[in-house]
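J.: Submitted below is the structure of interest, expressed as structure tokens.
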Amino acid sequence: MRILGLVGSQRKDGNSYLILKEALEGFEAEMEIIQLAEVNVKWCDACGLCKSTMRCVIEDDVEFIFNKMKEADVVIISTPRYLPIPSKFMALIERIGALYHYYSETDPNFKFPLEGKPFGLLVVSAGGGRQALEALKELAFQVIHCWRMKLVTVDSYPYLGVLAKGEEVGEVLEDEGAIDQARKLIKKLMI
Ligand SMILES: Cc1cc2nc3c(=O)[nH]c(=O)nc-3n(C[C@H](O)[C@H](O)[C@H](O)COP(=O)(O)O)c2cc1C
């Protein structure tokens, strides 16, 4: 079982990373965490050159991330609430989503490499309330729609994923309820 963690924050080793790392503790699996803070992700230029190749011509780390996602059995995304999520993470959704979008014009029947791959969501925010829920809904929609992945839900509110509360770095580790819910989600993802 290979688990890939994708951390959407530009704040390296911030709350989104800390809760994911804490929740993964003790699970027997091959694990890797990619923090977007440590990689280079440019936005999509909509050049369409990937139309026949499903490869992007922009030289940055997106192909590396896409390959890691393809190799993983499950992906767990942990990101802060911004407006609604960090723009760098939106750029990653765009870039990988564009590969699907353009290639499906060439071959409408092709199977995208991420199609049906299970993923789970953690969203950290200062308030932990409605704004975080909006980020969770938007993120779930975009990943399902643009990457064709299969959302694994949690068994209690807010069902689409886990909402954790924290603002200063480390504060999220006080949210024991969210950590417990994140562990249950990882267990479900590993089935
Ligand atoms: C640009 C920006 C926008 C934010 N917007 C919100 C928001 O709308 N609601 C909220 O509760 N927290 C908001 N936050 C707070 C972060 O979600 C919070 O500090 C989180 O712990 C950051 O996670 P990180 O340490 O992984 O970066 C925002 C933070 C930044 C930098």
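Just remember, in the structure tokens the first chain shown is A, the second B, etc., residues are 1-based per chain, and ligands are 1-based in the order shown.
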Dump as a Markdown table the rows for residues of chain A within 10 Å of ligand 1: closest atom pair and distance in Å with one decimal, only C-alpha atoms and all ligand atoms counted, ordered by chain and rising residue number.

T.:
| residue | atom | partner | partner_atom_place_in_ligand_line | distance |
| --- | --- | --- | --- | --- |
| A:Val7 | CA | ligand 1 | 26 (O) | 7.6 |
| A:Gly8 | CA | ligand 1 | 26 (O) | 7.3 |
| A:Ser9 | CA | ligand 1 | 27 (O) | 4.6 |
| A:Gln10 | CA | ligand 1 | 27 (O) | 6.2 |
| A:Arg11 | CA | ligand 1 | 27 (O) | 4.6 |
| A:Lys12 | CA | ligand 1 | 27 (O) | 7.4 |
| A:Asp13 | CA | ligand 1 | 25 (O) | 7.1 |
| A:Gly14 | CA | ligand 1 | 25 (O) | 3.4 |
| A:Asn15 | CA | ligand 1 | 25 (O) | 3.8 |
| A:Ser16 | CA | ligand 1 | 26 (O) | 3.7 |
| A:Tyr17 | CA | ligand 1 | 26 (O) | 6.0 |
| A:Leu18 | CA | ligand 1 | 26 (O) | 7.7 |
| A:Ile19 | CA | ligand 1 | 26 (O) | 8.8 |
| A:Leu20 | CA | ligand 1 | 26 (O) | 9.9 |
| A:Gln35 | CA | ligand 1 | 26 (O) | 9.6 |
| A:Ala37 | CA | ligand 1 | 27 (O) | 9.4 |
| A:Ser78 | CA | ligand 1 | 26 (O) | 8.0 |
| A:Thr79 | CA | ligand 1 | 26 (O) | 6.1 |
| A:Pro80 | CA | ligand 1 | 17 (O) | 4.4 |
| A:Arg81 | CA | ligand 1 | 17 (O) | 4.2 |
| A:Tyr82 | CA | ligand 1 | 3 (C) | 3.7 |
| A:Leu83 | CA | ligand 1 | 5 (N) | 5.7 |
| A:Pro84 | CA | ligand 1 | 8 (O) | 6.7 |
| A:Ile85 | CA | ligand 1 | 3 (C) | 7.9 |
| A:Pro86 | CA | ligand 1 | 1 (C) | 7.3 |
| A:Ser87 | CA | ligand 1 | 1 (C) | 9.2 |
| A:Val123 | CA | ligand 1 | 17 (O) | 8.0 |
| A:Val124 | CA | ligand 1 | 20 (C) | 5.3 |
| A:Ser125 | CA | ligand 1 | 17 (O) | 3.4 |
| A:Ala126 | CA | ligand 1 | 11 (O) | 3.8 |
| A:Gly127 | CA | ligand 1 | 11 (O) | 3.6 |
| A:Gly128 | CA | ligand 1 | 11 (O) | 5.6 |
| A:Gly129 | CA | ligand 1 | 11 (O) | 6.9 |
| A:Arg130 | CA | ligand 1 | 11 (O) | 8.2 |
| A:Gln131 | CA | ligand 1 | 9 (N) | 5.4 |
| A:Ala132 | CA | ligand 1 | 11 (O) | 6.1 |
| A:Leu133 | CA | ligand 1 | 11 (O) | 9.7 |
| A:Glu134 | CA | ligand 1 | 8 (O) | 9.4 |
| A:Ala135 | CA | ligand 1 | 8 (O) | 8.7 |
| A:Ala164 | CA | ligand 1 | 21 (O) | 8.5 |
| A:Lys165 | CA | ligand 1 | 21 (O) | 7.0 |
| A:Gly166 | CA | ligand 1 | 21 (O) | 4.6 |
| A:Glu167 | CA | ligand 1 | 19 (O) | 3.6 |
| A:Glu168 | CA | ligand 1 | 19 (O) | 6.1 |
| A:Val169 | CA | ligand 1 | 25 (O) | 5.4 |
| A:Gly170 | CA | ligand 1 | 25 (O) | 7.9 |
| A:Glu171 | CA | ligand 1 | 21 (O) | 7.6 |
| A:Val172 | CA | ligand 1 | 21 (O) | 6.9 |

J.: For Phe27 of chain A, which residue out of A:Leu173, A:Tyr103, A:Phe112, A:Ile3 is the nearest one, using only C-alpha atoms?

T.: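 Using only C-alpha atoms, the shortest distance to Phe27 of chain A belongs to A:Ile3.
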
J.: Name all residues at most 8 Å from Thr153 of chain A (count only C-alpha atoms; drop same-chain ones fewer than 4 positions away) and give them as a list in words.

T.: Gly120, Tyr159, Leu160, Gly161 and Leu185 of chain A

J.: Store the residues picked out above, limited to N, CA and C atoms, as a PDB file, in the first residue's frame.

T.:
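Heads up, here's the output in again_21.pdb:
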ATOM      1  N   GLY A 120      -8.620  11.346   0.036  1.00  0.00           N
ATOM      2  CA  GLY A 120      -9.284  11.897   1.211  1.00  0.00           C
ATOM      3  C   GLY A 120      -8.830  13.340   1.408  1.00  0.00           C
ATOM      4  N   TYR A 159     -18.562  15.019   6.706  1.00  0.00           N
ATOM      5  CA  TYR A 159     -18.658  13.890   5.765  1.00  0.00           C
ATOM      6  C   TYR A 159     -17.712  13.941   4.562  1.00  0.00           C
ATOM      7  N   LEU A 160     -17.576  15.116   3.921  1.00  0.00           N
ATOM      8  CA  LEU A 160     -16.718  15.189   2.723  1.00  0.00           C
ATOM      9  C   LEU A 160     -15.239  15.032   3.067  1.00  0.00           C
ATOM     10  N   GLY A 161     -14.902  15.276   4.332  1.00  0.00           N
ATOM     11  CA  GLY A 161     -13.499  15.214   4.743  1.00  0.00           C
ATOM     12  C   GLY A 161     -13.390  15.709   6.167  1.00  0.00           C
ATOM     13  N   LEU A 185     -10.188   8.291   8.691  1.00  0.00           N
ATOM     14  CA  LEU A 185     -10.225   8.451   7.231  1.00  0.00           C
ATOM     15  C   LEU A 185      -9.088   7.663   6.582  1.00  0.00           C
TER      16      LEU A 185
END

J.: Please determine, counting only C-alpha atoms, which residue among A:Gln142, A:Ile179, A:Tyr157, A:Ala91 has the shortest atom-to-atom distance to Lys21 of chain A.

T.: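 Answer, going by the shortest atom-to-atom distance: A:Ile179.
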